[in-house]
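Asker: Starting off with a structure, shown below.
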Amino acid sequence: MKQADVIIIGGGAAGFFTAINAAEKNPKLKIVILERGKEVLTKVKVSGGGRCNVTHAEFLPKELTQNYPRGEKELLGPFHTFMTGDTIEWFEKRGVELKIEEDGRMFPVSDSSKTIIDCFLSETKRLGVEVLLSQSVKTIQKETNYFTINTATDVFSAEKIVVATGSNPKIWQLLESLGHTVVAAVPSLFTFNIKDGRIIDLPGLSTEASVKVLDKKGKMVLESNGPLLITHWGMSGPAILKLSAWGARILEPLKYNFNIEVNWLNALSEKDVLDSLKELKAFQGKQTIFKYAQFDLPKRLWQSIVKASGIDDRLTWAEATRKNLQNIANQLTAAIFQVNGKSTFKEEFVTAGGVDLKEINFKTFESRICQNLYFAGEVLNIDAITGGFNFQSAWTGGFIVSQNL
């Protein structure tokens, strides 16, 4: 049997961050990371398209928590302990400089996730943290003063363990055997599959929009706004991804078949738009409706909307009937699209689900059910929208765990 003071299950972002900080605070601790795969930090490697979206430039704890559909309330205290600014400083101290992009996402200046991986690997080596690969955990048993962990090849024991395995159903089962409740996982960050003549020729087009998810009676159940990206398979972009995150539990029982209402003009109401269209009829009478885009919309989108409103390519504003104007206003501010299914957003498969948050002490990230059992990262029922927020909660959790080991 191999013995350690602390065993960390999971060689991902949260596991490494916990190990490094714990070893730095207490160099005497024997810390072992058990990773089931043949390599560590695989999610870090592909994050942000291989650039690693380390965190987000949001420096107020309350504002930061609003990016977490699950975990918003629980993370407020922890963010007062370790926050975005602390993350930036932590990496800078270790020679990794971060930069802020226009949308607030933060990446290493190198634009390569390898920089983050190399930093973690050199720190674990420097601090004497043992990293073991191909160690798939089969059982976790709680004895009186220690835990026994059986892997496919070895048996380990430690006084304290940290579970940082992300969304791993097998580990969730083992945690249930220790008395924990696990909230079933459902996909959280995904794009909407939509086959519709109005957008079929517009892949790659992006514009600011407001989007509502409608129930069967046509009532709004969720709303979001921001950049909307039209893709070959439907719609994506922050406006859609926010809906998918906040609606994770609502959309799953619908089997991802539902209607959305898109306002291509974001905040403008149908009445505001109708008034503007009447002005165009009065003052731009000779102009062809189809030819010139209005409301600063991309030309291809405008022309698609005009076509969908049943208007002939040659019709001028002066010739437009009241019904024509009403149709355009409706297509601009309340266009209904049918969603049939979802697709994973890039390679970032995020789920909502995990260990029930009521069973965790968020001052320490220790289990309330089982003493000396700690958690960090997405093994908990915490998830965020895209933009570096999932990593920030992993850094915060890992840091607080390391202070309490």
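Ligands are numbered from 1 in the order shown, chains are lettered A, B, ... in the order of the structure tokens, and residues start at 1 in each chain.
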I need the strand (DSSP E or B) residues of range 99-247 of chain A per DSSP on the backbone, written as a PyMOL selection string.

Answerer: chain A and resi 99-100+105-108+130-132+137-142+147-151+155-163+182-187+190-193+206-214+220-230+234-236

Asker: Mind checking which residues fall within 12 Å of range 62-73 of chain A, counting only C-alpha atoms, ignoring those fewer than 3 positions away in the same chain, and posting them as number ranges by chain?

Answerer: A: 55-59, 76-80, 82-85, 104, 183, 188-189, 238, 241-249, 351-358, 360, 362, 377-378, 380-393, 397

Asker: Which is closest to Ala318 in chain A among A:Arg126, A:Lys278, A:Lys170, A:Lys138, if we use only C-alpha atoms?

Answerer: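 So, comparing all the options, the nearest one is A:Lys278.
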
Asker: Give me the residues within 10 Å of Gly310 in chain A as a ChimeraX atom specification, counting only C-alpha atoms and dropping any in the same chain fewer than 5 places off.

Answerer: /A:305,324,327-328

Asker: Could you please write out, as number ranges by chain, every residue of range 143-385 of chain A that DSSP assigns to alpha helix (DSSP H)?

Answerer: A: 169-177, 238-246, 248-251, 270-283, 299-308, 322-333

Asker: Could you pull the residues within 12 Å of Ile311 in chain A, counting only C-alpha atoms, minus those fewer than 5 positions along the same chain, as a list in words?

Answerer: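 Final neighbour list, sorted by chain and number: Thr288, Ile289, Phe290, Lys291, Trp302, Gln303, Ser304, Ile305, Val306, Thr316, Trp317, Glu319, Ala320, Thr321, Lys323, Asn324, Leu325, Gln326, Asn327, Ile328 and Gln331 of chain A.
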
Asker: At most 8 Å is the cut-off: for each residue in range 68-179 of chain A with any atom that close to an atom of range 3-11 of chain A, write down the nearest atom pair and the distance in Å rounded to one decimal, counting only C-alpha atoms, chain first then increasing number, as JSON lines.

Answerer:
{"residue": "A:Val131", "atom": "CA", "partner": "A:Gly11", "partner_atom": "CA", "distance": 7.9}
{"residue": "A:Val137", "atom": "CA", "partner": "A:Ile9", "partner_atom": "CA", "distance": 8.0}
{"residue": "A:Phe156", "atom": "CA", "partner": "A:Gln3", "partner_atom": "CA", "distance": 5.7}
{"residue": "A:Ser157", "atom": "CA", "partner": "A:Gln3", "partner_atom": "CA", "distance": 4.9}
{"residue": "A:Ala158", "atom": "CA", "partner": "A:Ala4", "partner_atom": "CA", "distance": 5.0}
{"residue": "A:Glu159", "atom": "CA", "partner": "A:Asp5", "partner_atom": "CA", "distance": 5.6}
{"residue": "A:Lys160", "atom": "CA", "partner": "A:Val6", "partner_atom": "CA", "distance": 5.0}
{"residue": "A:Ile161", "atom": "CA", "partner": "A:Ile7", "partner_atom": "CA", "distance": 4.8}
{"residue": "A:Val162", "atom": "CA", "partner": "A:Ile8", "partner_atom": "CA", "distance": 4.7}
{"residue": "A:Val163", "atom": "CA", "partner": "A:Ile9", "partner_atom": "CA", "distance": 5.0}
{"residue": "A:Ala164", "atom": "CA", "partner": "A:Gly10", "partner_atom": "CA", "distance": 5.0}
{"residue": "A:Thr165", "atom": "CA", "partner": "A:Gly10", "partner_atom": "CA", "distance": 4.5}
{"residue": "A:Gly166", "atom": "CA", "partner": "A:Gly10", "partner_atom": "CA", "distance": 7.8}

Asker: Excluding Ser112 in chain A and residues on its chain fewer than 3 positions from it, collect all residues at most 7 Å away from it, counting only C-alpha atoms, and give them as a list in words.

Answerer: Gly50, Arg51, Cys52, Pro108 and Thr115 of chain A

Asker: Save the residues we just selected, C-alpha atoms, as a short mmCIF file (atom, residue, chain, number, x, y, z; two decimals), in the first residue's frame?

Answerer:
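Dumped everything to selection.cif:
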data_model
loop_
_atom_site.label_atom_id
_atom_site.label_comp_id
_atom_site.auth_asym_id
_atom_site.auth_seq_id
_atom_site.Cartn_x
_atom_site.Cartn_y
_atom_site.Cartn_z
CA GLY A 50 -5.75 25.67 -27.74
CA ARG A 51 -5.01 29.10 -26.26
CA CYS A 52 -6.40 28.42 -22.75
CA PRO A 108 -1.57 33.85 -21.77
CA THR A 115 2.44 27.89 -21.42
#
